[in-house]
Structures are given as C-alpha cells and as structure tokens.
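K.L.:
Just passing along the structure, written as structure tokens.
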Amino acid sequence: MNDFDFETRRARLEPLLESARSLADPASERGRLARERLAHSSGLSAQGVDFALQRCLEIAPDEREIAALIRSTPSAQVAHVLLSANVFVAAHRAIAIALAASAEVRVRASRREPEMAELLLAGAPGSFQLVTELSPHSGDRLWAYGSDDTMAEVAATLPAGVALHAHGSGFGVAVLDEVPPEAELGALLGRLAEDIALFDQRGCLSPRVLLVNAEPESAHTVVRELTAQLEKLEKLVPRGKLTAHESSEISQYRDTAHYIGELCEAGSGYVSFSARDGWLLPPTGRNIHVLTAPDAFTTLSRYRPLLTSCAFFGKPARRAELGRAIPGARVCQFGEMQRPPFDGPVDRREL
Amino acid sequence: MTRNARSDDLHRAVRRFAAGDRTHSFAALALEIAAFQREFSAGFARLCNSRKASLAQVEDIPGVPCDTFRLTRVAVHPESEDRLRFSTSGTTSGARGMHAMRVGETYQELSLSFGRAALLSSERAHHVVALAPLLDDPPTSSLGHMMALFMVDFEQQGAVSVRTPDRWLIDDRGVNLAGLERAAERATERGETLLVLATSFALVGLLDALEGRSLPLPAGAVVMQTGGYKGKTREIEPNVLRESIARSFQITEAQIVSEYGMTELTSQLYEATVPGSALERERRGAPGVYAEPPWLRVVPVDPTTLEPVPEGEVGIARIIDLGNVDSAVAIQTQDRVRRVPGGVTLLGRATGAPPRGCSLAIEEFLANEA
C-alpha cells in the first residue's frame with residue numbers, strides 16, 4: 001500500500017469518525033436523538049445506552065491504531081457489511097473496516113437494531129449505503145458479524161469469488177492471577193463490573209467467567225467484592241430488559257449455581273462461585289461465574305476457539321504466557337475488555 | 001437409620017410401587033425421596049433452601065437442571081459405592097456428565113417393566129438387535145445398558161451373552177446391513193418377533209446405507225427409535241423418518257415406537273402405539289404422545305418462574321422419576337412439552353429465542369464441549 005493509497009483510505013474514515021463523535025456527545029442534538037432511539041432498539045436502560053456510547057464508541061482512536069486498521073484490511077471492489085445486534089457501537093468499527101477496504105460500502109443492519117447504522121450514516125452522508133439485502137459479487141468482500149449459525153448460513157449462500165470475513169459467536173473471560181490487597185481489589189473489580197455491565201453482557205467480548213488463582217477463602221473475598229461492585233454499578237447503570245429466553249436461562253443458571261456452589265445476588269444479575277467443579281457459562285444479563293483455577297491457562301486453552309477476549313491481572317511475564325496460550329483472544333486489563341484498540345475487528349480469532 | 005439403609009428402603013418401595021403395590025402413593029414416595037436427598041445432598045439442600053421449598057407437595061420439589069450433572073456429582077452416596085455410572089455425551093474439557101447409581105436393580109426393574117409393556121406385542125419369542133455400537137464393559141451408556149437388558153430379558157433364553165457383534169449392528173464401517181438381514185432371516189425362520197432398537201441418527205445412517213432399497217423385516221417386527229441427532233448426521237423430521245423407515249422395512253408406521261429417555265433419568269417414556277402391546281391396549285396413544293410409567297410424572301413448568309403451567313399449556317419439562325432415589329428425584333429439562341390425554345407431547349427445545357448476535361449461547365458452549 002503506497003502513501004497515496006493509505007491517505008485515500010484514511011480520508012474515507014474521517015466523516016465516520018466525526019459522525020461517531022457527535023453521537024457520543026450527550027449535549028448534541030444527534031447525541032440526544034441517538035440515546036432516545038438506541039434505548040428503544042437495544043433493550044438497554046437509558047443509562048446503559050449512555051454508558052456504552054461514552055465508554056465504548058471509538059471517537060478518538062490513536063493514529064497508530066487507525067494505521068493498523070487500514071494496513072490490516074485488504075482492499076475490495078465493494079465492501080459489504082452484515083451487522084449484528086446487541087453491541088450497537090460495533091457498527092462503527094465494522095463500517096470503518098469496510099471503508100478502509102473500499103470506497104463502495106454497503107451495509108445491512110441488524111433487523112433488531114437498525115438504529116446505529118442509520119445514525120452513523122446521518123452524520124456521514126454518502127460515506128456508505130444502507131441496504132436491506134446484500135448481494136455481493138465475485139471480487140467483493142463481506143465482513144459478517146453475528147452468531148455461528150448466521151455465519152454458516154452466510155457462507156453457504158455466498159457466490160463464488162466473494163471473500164468472507166466471518167466473525168461468529170464468542171465470549172470473554174477474566175483471569176485474576178493474583179489477588180491484590182483489599183484496598184486495590186475494589187477498584188480492580190469495579191472495572192470488571194463495568195466490562196460485565198456494558199451492553200448487559202450481550203457482546204462477544206463480555207466476560208462470563210472469572211478465573212481466580214487463589215485458595216477458595218481468598219476467592220470468596222473476590223466474589224463478595226465483585227458482588228458489591230456490580231450492585232454499586234447497577235444503581236448508576238440499571239440493567240435493561242431481558243428477553244424471555246434470557247429470563248428462562250437465568251432461572252436454570254440460578255438453580256444450577258445453587259446446586260454446584262454458591263450464588264450471590266448482584267444488582268439484577270448474579271455472581272456464582274464454585275471451588276472445584278466444571279465450567280458454568282452463565283447466561284447474558286450481568287451474570288458471572290467465579291471459579292478457582294490454579295492452572296487457568298491450561299483451562300483456558302481448552303476453550304480457545306470460543307475466546308475473544310481475556311482480561312488479566314498479574315505479573316507481565318504471566319500475561320505474555322497467557323497470550324501464547326490463547327492466541328486470537330485479545331488480552332487486556334480489567335475494564336478494557338469492551339474497548340479494544342481500534343486496529344481492526346475486535347474478534348481476532350481468524351487472524 | 002443410616003443413609004444406605006434409608007436408600008435401600010426407598011428403592012424397595014419404588015420397585016414395589018412399579019410392581020403395582022399402592023401402599024404408598026406416587027406423591028408420598030416422591031416427597032420422601034426428596035426429603036432424603038435434601039438430607040444427604042448438600043447441593044440439593046442448597047437448591048431447596050434457595051427456592052424455599054417446603055417439600056409438602058410434589059409441585060414443591062425443585063428440579064435439578066440437567067446441566068448440573070455435567071458440572072458436579074449428583075448423588076447422595078460416595079463414588080466408592082457406585083454400581084453403575086452412565087455418562088452423558090462425551091466431552092473434551094474433562095467436564096463429563098455422569099449419572100451414578102448405587103442400586104442397579106431399580107434401573108433394571110423399572111426399565112424392563114415399562115419396556116415390556118410398550119414394546120412386546122405378542123406372546124411369541126423375541127429376537128432383539130440394536131442399531132448401536134457394541135456395548136462397552138462396564139457400560140457407560142444408559143441407552144446401551146437398557147438395550148442389553150432388553151436383549152436378555154425379552155428373549156427369555158437365560159443368561160445369553162449379548163456382547164456379540166451380531167446383536168450390535170453399528171461398527172466402524174457404519175450400519176451392518178448384512179447383520180440386520182441375517183437377524184430378520186433368523187426371526188422369520190424361527191417364528192420370532194424381531195425387535196430393532198435404534199437411535200434416530202442410526203436410522204438415518206441406515207436409510208443412507210440402503211440408498212433407496214428396502215430391507216423387509218418379518219411381519220410383526222417392532223422398531224424402537226430414540227434420541228436426537230447431536231450433530232452426528234443430517235436431521236430428518238420425525239414424521240418423515242418414521243415414514244421412510246416403515247417403507248424401507250416394509251412395516252406399518254404403528255410398528256415404529258419412539259422412546260424418550262435421558263442419562264439423567266432412571267425411567268423412560270414410550271408412545272403407546274405398538275399394536276398388541278400392553279401399553280397400547282391400556283392407553284391407545286397416538287403417535288407423538290409419550291406415555292409415562294406410573295412411577296414417573298412430567299410436569300410442564302413456566303420457563304422463567306419454573307412454576308407448573310395450567311393443564312394443556314406448553315412448558316418446559318420437570319420430570320419426577322421415583323427411580324432416581326440416589327441422585328435427583330426431580331430433573332429440570334429444557335425440553336418443551338404439553339400434557340395431553342394419555343401423556344405428553346414433546347415440542348423440542350425452546351424456539352423463538354431471538355438471534356443472539358455474537359454473544360455465545362449456552363447451547364453453543366455445550367456443543368463445543370461435546
């Protein structure tokens with residue numbers, strides 16, 4: 001990619017970034033409208049929408065990150081984007097990647113959450129097209145985001161010669177490789193609580209399991225503190241509406257957690273704990289399972305294909321070791337799971 | 001009284017109940033078993049406490065979610081006392097689901113009792129084969145173990161060896177069509193009723209192997225099909241599969257009976273459709289209606305509140321199985337069911353769930369483990 005090509009691509013991103021900036025600003029008319037429309041479509045509480053826009057929408061990405069995004073994105077005749085629901089801010093990054101690939105970008109929003117793409121387009125008119133159906137041709141590229149089932153359907157129906165970048169289902173975990181002193185623990189777990197609460201945990205980066213490398217007694221302290229932090233956050237950012245399916249899953253999760261260990265009410269969600277039993281993957285809706293795991297990295301490597309993100313607290317050398325154990329997952333600090341660098345797709349499992 | 005003495009008493013009472021003794025009612029036995037499990041299972045005690053379950057009536061007994069078996073041991077007794085251990089689907093993560101039993105006789109008597117009622121259609125001798133892999137030793141599959149019990153009991157030949165390849169007609173090469181043809185010939189020659197026990201995915205494999213040809217079974221033959229597909233093969237709608245199997249075997253659809261069971265249970269449900277069977281004479285069920293044995297009750301419950309739904313409405317199945325004396329007398333499944341005259345209809349797993357976007361569904365997580 002020569003400098004001219006790079007600058008051309010970089011220029012295509014600017015209107016989109018500007019559009020995102022105005023949406024993030026609660027004082028702007030566009031920001032107010034975004035909050036109103038997204039609260040309706042996302043199922044999040046009004047505070048949840050605001051929290052996500054302020055914390056996760058990439059409005060001032062580092063130029064190095066933008067350069068990495070552009071340089072890692074292959075060019076295309078036409079770039080197509082199939083958006084997912086749940087994490088509405090993801091539309092911004094997905095469209096940015098497509099704009100880095102092509103001057104001609106066609107976006108099909110999720111039927112459940114069509115608002116964010118429309119809002120972005122309204123602030124960057126003409127930068128991409130919103131379509132109701134995608135019809136890519138040979139030589140085009142399609143970036144698709146959603147469940148594995150959706151990815152399989154897309155792959156099966158794609159015409160020959162279309163390059164598919166499929167980003168399917170996944171989940172995040174957190175690893176507390178050492179338990180810090182109590183004075184620091186609250187702040188650390190407060191940041192994890194934010195990772196959990198953002199988007200009511202419906203994103204593929206959202207942590208669902210916390211592995212604690214400690215004796216059960218110490219892990220109990222972690223459970224209590226995380227419960228307190230989630231309760232505290234709930235008061236500021238209440239959980240939104242649950243779907244009937246989520247409510248049903250939570251009922252079963254609650255009973256399972258009681259049977260295998262302990263369950264604490266944490267705001268409108270739960271923190272479950274077991275000292276030695278198998279992985280319980282809680283349903284979305286601000287629920288997390290805490291597990292003591294002396295050998296967390298081996299445990300995690302078993303779930304490698306599903307892991308998109310891992311928050312880590314511990315020694316730097318151990319963090320590097322973790323990165324090697326789960327290549328493809330983004331390893332980050334607590335509180336950074338939902339805002340990875342703007343350097344390409346958040347899901348790096350295909351890389 | 002010690003734990004095992006109480007357990008033994010309960011096992012005897014359940015077996016007597018299954019044999020027709022109504023000294024104790026279903027409800028009384030279920031509540032007694034639940035109280036026993038609350039006393040000796042810390043996990044069940046926690047579940048009861050969390051639900052404030054008084055265990056005063058059957059509806060109060062909380063169902064232990066099936067997933068629990070994958071995550072922890074669900075048993076009142078220690079591993080050293082296990083007589084049978086049945087595994088749920090295999091896992092790669094070490095989190096292998098297991099149903100441990102301390103008393104094998106109860107499983108045997110309950111399975112055979114209702115199996116005879118549902119599957120045996122005549123006084124003639126039976127010959128039993130399975131479209132399943134050769135049973136391992138000790139058996140880890142509850143289905144395989146049940147099939148072996150049927151082979152021994154239904155044929156009434158005494159202590160026959162059932163671990164022979166001519167009875168287990170799936171091997172590394174797939175369905176053993178020649179073996180099934182030989183079994184059909186033998187039954188015809190000897191005037192026996194042939195009973196073919198099969199999983200749905202094995203029957204699909206059989207259809208694929210036949211490539212449109214037929215493999216006629218002797219008149220009066222019965223095919224028992226059970227289980228789902230678990231991603232092992234292409235799926236076929238149950239009605240279509242039944243039609244196709246009937247056509248290939250040249251038998252009537254009534255001769256194909258579906259069974260519903262799971263590793264987490266001791267007992268099974270059957271369609272009451274096999275002509276001439278005791279269950280058909282007693283209940284005359286329609287295809288798709290699964291009859292419960294008297295010692296098992298399916299309670300459809302609301303998926304969120306887990307409270308029983310009004311009669312006739314769809315809920316997810318809480319199954320109270322008196323046979324589960326030492327594990328969990330009430331199991332909470334995610335299978336949607338509706339009570340109808342004669343039993344329950346199965347409506348599959350919860351559908352209509354909204355697409356999840358990119359967050360991993362619990363089902364996907366479990367599928368990855370399987």
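Here's how to read the names in the structure tokens: chain A, B, ... by the order shown, residue numbers from 1 in each chain, ligand numbers from 1 in the order shown.
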Looking only at the backbone, which of the residues in region 34-221 of chain A does DSSP tag as alpha helix (DSSP H), as a PyMOL selection string?
P.N.:
chain A and resi 34-42+46-56+63-71+90-101+115-123+148-157+182-197+216-221
K.L.:
Which polymer residues have any atom within 7 Å of an atom of region 282-284 of chain A, counting only C-alpha atoms, with same-chain residues fewer than 4 positions away left out, as a VMD selection string?
P.N.:
(chain A and resid 200 to 202 208 246 249 to 250 253 288 to 289) or (chain B and resid 362)
K.L.:
Could you produce a table of the residues of chain B lying within 6 Å of chain A, with the nearest pair of atoms per residue and their separation in Å rounded to one decimal, using only C-alpha atoms, ordered by chain and increasing residue number, as JSON lines?
P.N.:
```
{"residue": "B:Gly43", "atom": "CA", "partner": "A:Tyr259", "partner_atom": "CA", "distance": 4.0}
{"residue": "B:Phe44", "atom": "CA", "partner": "A:Tyr259", "partner_atom": "CA", "distance": 5.8}
{"residue": "B:Arg46", "atom": "CA", "partner": "A:His258", "partner_atom": "CA", "distance": 5.9}
{"residue": "B:Leu47", "atom": "CA", "partner": "A:His258", "partner_atom": "CA", "distance": 5.4}
{"residue": "B:Pro65", "atom": "CA", "partner": "A:Thr256", "partner_atom": "CA", "distance": 5.9}
{"residue": "B:Thr68", "atom": "CA", "partner": "A:Thr256", "partner_atom": "CA", "distance": 5.6}
{"residue": "B:Leu71", "atom": "CA", "partner": "A:Gly278", "partner_atom": "CA", "distance": 4.7}
{"residue": "B:Thr72", "atom": "CA", "partner": "A:Asp277", "partner_atom": "CA", "distance": 5.8}
{"residue": "B:Ala95", "atom": "CA", "partner": "A:Gly278", "partner_atom": "CA", "distance": 5.5}
{"residue": "B:Pro303", "atom": "CA", "partner": "A:Ser248", "partner_atom": "CA", "distance": 4.9}
{"residue": "B:Thr304", "atom": "CA", "partner": "A:Ser248", "partner_atom": "CA", "distance": 4.3}
{"residue": "B:Ala353", "atom": "CA", "partner": "A:His245", "partner_atom": "CA", "distance": 5.6}
{"residue": "B:Gly357", "atom": "CA", "partner": "A:Gly146", "partner_atom": "CA", "distance": 4.3}
{"residue": "B:Cys358", "atom": "CA", "partner": "A:Ser169", "partner_atom": "CA", "distance": 4.3}
{"residue": "B:Ser359", "atom": "CA", "partner": "A:Cys204", "partner_atom": "CA", "distance": 4.3}
{"residue": "B:Leu360", "atom": "CA", "partner": "A:Gly170", "partner_atom": "CA", "distance": 4.8}
```
K.L.:
Filtering to C-alpha atoms, could you give me those residues as an mmCIF file, in the first residue's frame?
P.N.:
```
data_model
loop_
_atom_site.group_PDB
_atom_site.id
_atom_site.type_symbol
_atom_site.label_atom_id
_atom_site.label_comp_id
_atom_site.auth_asym_id
_atom_site.auth_seq_id
_atom_site.Cartn_x
_atom_site.Cartn_y
_atom_site.Cartn_z
ATOM 1 C CA GLY B 43 -26.291 -29.304 46.596
ATOM 2 C CA PHE B 44 -29.945 -30.285 46.661
ATOM 3 C CA ARG B 46 -28.958 -25.502 48.856
ATOM 4 C CA LEU B 47 -31.341 -25.634 45.921
ATOM 5 C CA PRO B 65 -31.181 -28.723 35.971
ATOM 6 C CA THR B 68 -25.779 -29.870 36.836
ATOM 7 C CA LEU B 71 -20.736 -29.783 36.362
ATOM 8 C CA THR B 72 -20.740 -31.792 39.522
ATOM 9 C CA ALA B 95 -16.440 -31.875 32.391
ATOM 10 C CA PRO B 303 -39.500 -21.422 31.723
ATOM 11 C CA THR B 304 -38.928 -18.361 33.875
ATOM 12 C CA ALA B 353 -35.352 -17.202 21.027
ATOM 13 C CA GLY B 357 -25.675 -11.647 17.811
ATOM 14 C CA CYS B 358 -22.135 -12.547 18.661
ATOM 15 C CA SER B 359 -22.528 -13.494 22.329
ATOM 16 C CA LEU B 360 -22.007 -17.162 22.807
#
```
K.L.:
Counting only C-alpha atoms, which residue out of A:Pro345, A:Gly285, A:Pro15, A:Gly126 sits closest to Arg106 (chain A)?
P.N.:
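Under the stated criterion, the closest residue is A:Gly126.
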K.L.:
I need the strand (DSSP E) residues of region 63-301 of chain A per DSSP on the backbone, written as an MDAnalysis selection string.
P.N.:
chainID A and resid 79:82 105:108 129:130 141:145 163:167 171:176 207:212 262:266 269:274 287:292
K.L.:
List the neighbours of Arg336 (chain B) out to 7 Å using only C-alpha atoms; skip same-chain residues closer than 6 positions along the sequence, and give me the result as an mmCIF file with C-alpha atoms, in the first residue's frame.
P.N.:
```cif
data_model
loop_
_atom_site.group_PDB
_atom_site.id
_atom_site.type_symbol
_atom_site.label_atom_id
_atom_site.label_comp_id
_atom_site.auth_asym_id
_atom_site.auth_seq_id
_atom_site.Cartn_x
_atom_site.Cartn_y
_atom_site.Cartn_z
ATOM 1 C CA VAL B 314 -46.785 -25.596 26.921
ATOM 2 C CA GLY B 315 -43.970 -25.541 29.462
ATOM 3 C CA ILE B 316 -40.523 -26.987 29.892
ATOM 4 C CA ALA B 317 -40.465 -30.475 31.364
ATOM 5 C CA LEU B 346 -42.548 -33.234 23.022
ATOM 6 C CA LEU B 347 -42.095 -29.941 21.245
ATOM 7 C CA GLY B 348 -38.307 -29.754 21.109
ATOM 8 C CA ARG B 349 -36.033 -27.245 22.704
ATOM 9 C CA ALA B 350 -37.179 -23.689 23.306
#
```
K.L.:
With only C-alpha atoms as the basis for distance, which of B:Glu253, B:Glu311, B:Glu109, B:Glu39 is at the shortest distance from Pro287 (chain B)?
P.N.:
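Ranking B:Glu253, B:Glu311, B:Glu109, B:Glu39 by distance to Pro287 (chain B), first place goes to B:Glu253.
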K.L.:
Quick one: residues within 8 Å of Ala329 (chain A), only C-alpha atoms, excluding same-chain residues fewer than 5 positions away - as a PyMOL selection string?
P.N.:
chain A and resi 304+307-310+323+347-349
K.L.:
In Å to one decimal, how far is CA of Leu242 (chain A) from CA of Arg224 (chain A)?
P.N.:
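Atom-to-atom, CA of Arg224 (chain A) and CA of Leu242 (chain A) are spaced 24.5 Å apart.
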K.L.:
Please list as a list in words every residue within 9 Å of Gly179 (chain B), counting only C-alpha atoms and excluding residues in the same chain fewer than 2 positions away.
P.N.:
Pro165, Asp166, Arg167, Trp168, Leu169, Val175, Asn176, Leu177, Glu181, Arg182, Ala183 and Ala184 of chain B
K.L.:
Could you check how far CA of Asn2 (chain A) sits from CA of Glu65 (chain A), in Å to one decimal?
P.N.:
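Computed distance, CA of Asn2 (chain A) to CA of Glu65 (chain A), equals 17.9 Å.
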K.L.:
If we count only C-alpha atoms and set the cut-off at 10 Å, which residues sit around Glu234 (chain A), ignoring sequence neighbours fewer than 4 positions away in its own chain? Please answer as a PyMOL selection string.
P.N.:
chain A and resi 47-48+193-194+197+228-230+238-239+266-269+286
